[in-house]
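Data block below; observations after.
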Amino acid sequence: MEFAIPRERMVTEQVTRRGVRDARVLRAMGKVLRHRFVDEALSGRAYGDYPLPIGERQTISQPYMVALMSEALELVGHERVLEIGTGSGYQTAILAELCSKVYSIERIKGLADRAIRMLDSLGYYNVLVRVGDGSLGWREEAPFDAILVTAAAPTVPGALVEQLIPKGRLVVPVGDAYSQELRKGVKEDEGMRWTDLGGCVFVKLIGDQGWSRD
């Protein structure tokens, strides 16, 4: 299989060795063809330990960060998951391997259209993508078992917390424009219970409950 060895090495050296243990996440990372989600000129670098540009001043996240965030959602297969920031569609594909249905919102139409074409071509039919303000969530399809935000918010968007089921999980980078803390929240009766998962750097979450447009 094309890029099979680099993909296996990516999982072993970048993901497993850094502590990701969820067997389903590891299988998904080893299956999804990451090189298909970047420009052909960058395909040889697709399995490297770094993010890559995908156009529109956006990036495809570092493989380890994709695995870490996916594991933090604690998915077992039956869930409905909301993704904020479709981007290239790579994280979307990983989620599609892990849950029943993925609802993904992308604010940039060109990226959304390209991701839809790629996901369809690879047979990920349990994904629904729309263009919109991800900071507001997808109220018409709520509530969700888990929500993953792939862009940095200045504070946790309240709309996303509201759209979680009880015991639902929210993973979101929170901080300033230059560095953030990856946070995992679980919705309890008394409010969100938060755990910090480590430092990270993501592009800004632009929207009504995120950053204002540059």
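Please note that chains go A, B, ... in the order of the structure tokens, that every chain numbers its residues from 1, and that ligands are numbered from 1 in the order shown.
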
Show me a table, sorted first by chain and then by increasing residue number, of the residues of region 22-84 of chain A having an atom at most 9 Å from region 9-15 of chain A, each with its shortest atom pair and the distance in Å to one decimal, counting only C-alpha atoms and written as JSON lines.
{"residue": "A:Leu26", "atom": "CA", "partner": "A:Val11", "partner_atom": "CA", "distance": 6.7}
{"residue": "A:Arg27", "atom": "CA", "partner": "A:Val11", "partner_atom": "CA", "distance": 8.8}
{"residue": "A:Met29", "atom": "CA", "partner": "A:Val11", "partner_atom": "CA", "distance": 6.6}
{"residue": "A:Gly30", "atom": "CA", "partner": "A:Val11", "partner_atom": "CA", "distance": 6.3}
{"residue": "A:Tyr47", "atom": "CA", "partner": "A:Met10", "partner_atom": "CA", "distance": 6.0}
{"residue": "A:Gly48", "atom": "CA", "partner": "A:Met10", "partner_atom": "CA", "distance": 7.1}
{"residue": "A:Asp49", "atom": "CA", "partner": "A:Gln14", "partner_atom": "CA", "distance": 6.7}
{"residue": "A:Pro63", "atom": "CA", "partner": "A:Gln14", "partner_atom": "CA", "distance": 7.3}
{"residue": "A:Tyr64", "atom": "CA", "partner": "A:Val15", "partner_atom": "CA", "distance": 5.1}
{"residue": "A:Met65", "atom": "CA", "partner": "A:Val15", "partner_atom": "CA", "distance": 8.6}
{"residue": "A:Ala67", "atom": "CA", "partner": "A:Val15", "partner_atom": "CA", "distance": 6.8}
{"residue": "A:Leu68", "atom": "CA", "partner": "A:Val15", "partner_atom": "CA", "distance": 8.0}

Shell of 9 Å around Gly168 (chain A), only C-alpha atoms, local chain residues under 6 positions omitted, as a PyMOL selection string: chain A and resi 73+144-147+161+185-188

Only N, CA and C atoms, please: the residues just picked out, written as a PDB file, in the first residue's frame.
ATOM      1  N   LEU A  73     -11.567  12.084  23.520  1.00  0.00           N
ATOM      2  CA  LEU A  73     -13.028  12.039  23.374  1.00  0.00           C
ATOM      3  C   LEU A  73     -13.629  10.742  23.903  1.00  0.00           C
ATOM      4  N   PHE A 144     -24.831  16.488  21.307  1.00  0.00           N
ATOM      5  CA  PHE A 144     -23.766  15.607  20.838  1.00  0.00           C
ATOM      6  C   PHE A 144     -23.122  14.875  22.005  1.00  0.00           C
ATOM      7  N   ASP A 145     -22.631  13.682  21.693  1.00  0.00           N
ATOM      8  CA  ASP A 145     -21.914  12.908  22.707  1.00  0.00           C
ATOM      9  C   ASP A 145     -20.533  13.504  22.982  1.00  0.00           C
ATOM     10  N   ALA A 146     -19.938  14.093  21.954  1.00  0.00           N
ATOM     11  CA  ALA A 146     -18.604  14.672  22.099  1.00  0.00           C
ATOM     12  C   ALA A 146     -18.436  15.783  21.069  1.00  0.00           C
ATOM     13  N   ILE A 147     -17.612  16.751  21.423  1.00  0.00           N
ATOM     14  CA  ILE A 147     -17.313  17.872  20.534  1.00  0.00           C
ATOM     15  C   ILE A 147     -15.806  18.081  20.524  1.00  0.00           C
ATOM     16  N   VAL A 161     -20.727  24.011  25.020  1.00  0.00           N
ATOM     17  CA  VAL A 161     -21.048  23.350  26.291  1.00  0.00           C
ATOM     18  C   VAL A 161     -22.533  23.008  26.337  1.00  0.00           C
ATOM     19  N   GLY A 185     -13.091  18.804  28.765  1.00  0.00           N
ATOM     20  CA  GLY A 185     -14.165  19.005  29.727  1.00  0.00           C
ATOM     21  C   GLY A 185     -15.180  17.893  29.648  1.00  0.00           C
ATOM     22  N   VAL A 186     -15.672  17.483  30.803  1.00  0.00           N
ATOM     23  CA  VAL A 186     -16.762  16.503  30.890  1.00  0.00           C
ATOM     24  C   VAL A 186     -17.942  17.196  31.549  1.00  0.00           C
ATOM     25  N   LYS A 187     -19.114  17.097  30.943  1.00  0.00           N
ATOM     26  CA  LYS A 187     -20.294  17.813  31.417  1.00  0.00           C
ATOM     27  C   LYS A 187     -20.936  17.072  32.582  1.00  0.00           C
ATOM     28  N   GLU A 188     -20.782  17.614  33.752  1.00  0.00           N
ATOM     29  CA  GLU A 188     -21.358  17.041  34.964  1.00  0.00           C
ATOM     30  C   GLU A 188     -22.598  17.848  35.379  1.00  0.00           C
TER      31      GLU A 188
END

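The shortest atom-to-atom distance to Asp22 (chain A), with only C-alpha atoms taken into account, belongs to A:Ser70 out of A:Gln58, A:Ser43, A:Gln91, A:Ser70.
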
Please produce, as a Markdown table, a per-residue contact table for region 114-177 of chain A versus region 191-214 of chain A (criterion: any atom at most 10 Å away, only C-alpha atoms considered), showing the nearest atom pair and its distance in Å to one decimal, sorted by chain then residue number.
| residue | atom | partner | partner_atom | distance |
| --- | --- | --- | --- | --- |
| A:Gly132 | CA | A:Gly207 | CA | 9.0 |
| A:Asp133 | CA | A:Gly207 | CA | 5.5 |
| A:Gly134 | CA | A:Gly207 | CA | 6.9 |
| A:Ser135 | CA | A:Gln209 | CA | 5.2 |
| A:Leu136 | CA | A:Gln209 | CA | 6.6 |
| A:Gly137 | CA | A:Gln209 | CA | 9.8 |
| A:Val149 | CA | A:Leu205 | CA | 8.4 |
| A:Thr150 | CA | A:Phe202 | CA | 7.3 |
| A:Ala151 | CA | A:Leu205 | CA | 4.8 |
| A:Ala152 | CA | A:Lys204 | CA | 4.7 |
| A:Ala153 | CA | A:Gly210 | CA | 5.3 |
| A:Pro154 | CA | A:Gly210 | CA | 6.2 |
| A:Thr155 | CA | A:Gly210 | CA | 7.3 |
| A:Val156 | CA | A:Gln209 | CA | 8.2 |
| A:Pro157 | CA | A:Gln209 | CA | 5.4 |
| A:Gly158 | CA | A:Gln209 | CA | 7.7 |
| A:Ala159 | CA | A:Gln209 | CA | 7.9 |
| A:Leu160 | CA | A:Gln209 | CA | 9.6 |
| A:Val161 | CA | A:Met192 | CA | 8.0 |
| A:Pro166 | CA | A:Gly191 | CA | 9.7 |
| A:Lys167 | CA | A:Met192 | CA | 9.1 |
| A:Gly168 | CA | A:Met192 | CA | 9.5 |
| A:Arg169 | CA | A:Met192 | CA | 9.2 |
| A:Leu170 | CA | A:Met192 | CA | 9.2 |
| A:Val171 | CA | A:Leu197 | CA | 9.3 |
| A:Val172 | CA | A:Asp196 | CA | 10.0 |
| A:Pro173 | CA | A:Cys200 | CA | 7.2 |
| A:Val174 | CA | A:Cys200 | CA | 9.1 |
| A:Gly175 | CA | A:Val201 | CA | 9.1 |
| A:Asp176 | CA | A:Lys204 | CA | 8.7 |
| A:Ala177 | CA | A:Lys204 | CA | 6.5 |

Take the residues just selected and output them with N, CA and C atoms as a short mmCIF file (atom, residue, chain, number, x, y, z; two decimals), in the first residue's frame.
data_model
loop_
_atom_site.label_atom_id
_atom_site.label_comp_id
_atom_site.auth_asym_id
_atom_site.auth_seq_id
_atom_site.Cartn_x
_atom_site.Cartn_y
_atom_site.Cartn_z
N GLY A 132 -20.11 27.36 8.11
CA GLY A 132 -20.75 28.22 9.09
C GLY A 132 -19.80 28.61 10.20
N ASP A 133 -20.36 29.25 11.21
CA ASP A 133 -19.61 29.71 12.38
C ASP A 133 -19.55 28.57 13.40
N GLY A 134 -18.41 27.90 13.46
CA GLY A 134 -18.28 26.76 14.35
C GLY A 134 -18.36 27.10 15.82
N SER A 135 -18.04 28.34 16.17
CA SER A 135 -18.08 28.71 17.59
C SER A 135 -19.49 28.64 18.16
N LEU A 136 -20.48 28.64 17.28
CA LEU A 136 -21.88 28.56 17.71
C LEU A 136 -22.41 27.13 17.70
N GLY A 137 -21.59 26.20 17.24
CA GLY A 137 -22.02 24.82 17.19
C GLY A 137 -23.03 24.56 16.08
N VAL A 149 -12.82 20.63 18.97
CA VAL A 149 -12.54 21.93 18.35
C VAL A 149 -11.10 21.93 17.87
N THR A 150 -10.89 22.15 16.58
CA THR A 150 -9.55 22.08 16.00
C THR A 150 -8.99 23.46 15.71
N ALA A 151 -9.45 24.46 16.45
CA ALA A 151 -8.91 25.82 16.37
C ALA A 151 -8.95 26.41 17.76
N ALA A 152 -8.11 27.41 17.99
CA ALA A 152 -7.92 27.95 19.34
C ALA A 152 -8.94 29.01 19.68
N ALA A 153 -9.59 28.85 20.84
CA ALA A 153 -10.58 29.81 21.32
C ALA A 153 -9.99 30.65 22.45
N PRO A 154 -10.36 31.93 22.54
CA PRO A 154 -9.89 32.74 23.67
C PRO A 154 -10.50 32.28 25.00
N THR A 155 -11.73 31.80 24.94
CA THR A 155 -12.41 31.18 26.08
C THR A 155 -13.27 30.04 25.53
N VAL A 156 -13.72 29.16 26.39
CA VAL A 156 -14.56 28.04 25.94
C VAL A 156 -15.90 28.58 25.46
N PRO A 157 -16.29 28.32 24.21
CA PRO A 157 -17.59 28.79 23.71
C PRO A 157 -18.75 28.16 24.49
N GLY A 158 -19.59 29.00 25.08
CA GLY A 158 -20.72 28.49 25.85
C GLY A 158 -21.69 27.69 25.02
N ALA A 159 -21.83 28.05 23.75
CA ALA A 159 -22.77 27.33 22.88
C ALA A 159 -22.39 25.86 22.75
N LEU A 160 -21.10 25.58 22.75
CA LEU A 160 -20.66 24.19 22.61
C LEU A 160 -20.94 23.40 23.88
N VAL A 161 -20.73 24.01 25.02
CA VAL A 161 -21.05 23.35 26.29
C VAL A 161 -22.53 23.01 26.34
N PRO A 166 -25.40 15.15 28.87
CA PRO A 166 -24.79 14.90 30.18
C PRO A 166 -23.68 13.85 30.04
N LYS A 167 -22.55 14.10 30.66
CA LYS A 167 -21.35 13.26 30.58
C LYS A 167 -20.65 13.38 29.23
N GLY A 168 -21.12 14.29 28.37
CA GLY A 168 -20.46 14.51 27.09
C GLY A 168 -19.09 15.13 27.27
N ARG A 169 -18.20 14.92 26.27
CA ARG A 169 -16.83 15.40 26.34
C ARG A 169 -16.59 16.51 25.31
N LEU A 170 -15.87 17.53 25.76
CA LEU A 170 -15.48 18.64 24.89
C LEU A 170 -13.97 18.78 24.97
N VAL A 171 -13.30 18.76 23.81
CA VAL A 171 -11.85 18.97 23.74
C VAL A 171 -11.61 20.22 22.92
N VAL A 172 -10.89 21.19 23.51
CA VAL A 172 -10.73 22.49 22.86
C VAL A 172 -9.43 23.15 23.29
N PRO A 173 -8.67 23.72 22.34
CA PRO A 173 -7.50 24.52 22.70
C PRO A 173 -7.95 25.91 23.15
N VAL A 174 -7.48 26.38 24.30
CA VAL A 174 -7.88 27.67 24.85
C VAL A 174 -6.63 28.47 25.20
N GLY A 175 -6.61 29.74 24.76
CA GLY A 175 -5.46 30.59 25.08
C GLY A 175 -5.41 31.80 24.18
N ASP A 176 -4.22 32.38 24.04
CA ASP A 176 -4.08 33.56 23.20
C ASP A 176 -3.76 33.14 21.77
N ALA A 177 -3.39 34.11 20.94
CA ALA A 177 -3.19 33.83 19.53
C ALA A 177 -1.91 33.04 19.25
#

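Residue-level DSSP output for region 85-123 of chain A, from the backbone, shows strand (DSSP E) at A:Lys101, A:Val102, A:Tyr103, A:Ser104, A:Ile105, A:Glu106.
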
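Using only C-alpha atoms, the smallest distance between any of A:Arg107, A:Glu74, A:Met118, A:Arg18 and Arg34 (chain A) comes from A:Met118.
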
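You will find CA of Ala115 (chain A) at 22.4 Å from CA of Leu75 (chain A).
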
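If only C-alpha atoms are the atoms counted, then among A:Arg139, A:Gly85, A:Ala72, A:Asn126 the closest residue to Gly19 (chain A) is A:Ala72.
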
Distance query Asp39 (chain A) at most 12 Å, only C-alpha atoms, self and fewer than 6 positions along chain excluded, as a count of residues only: 11
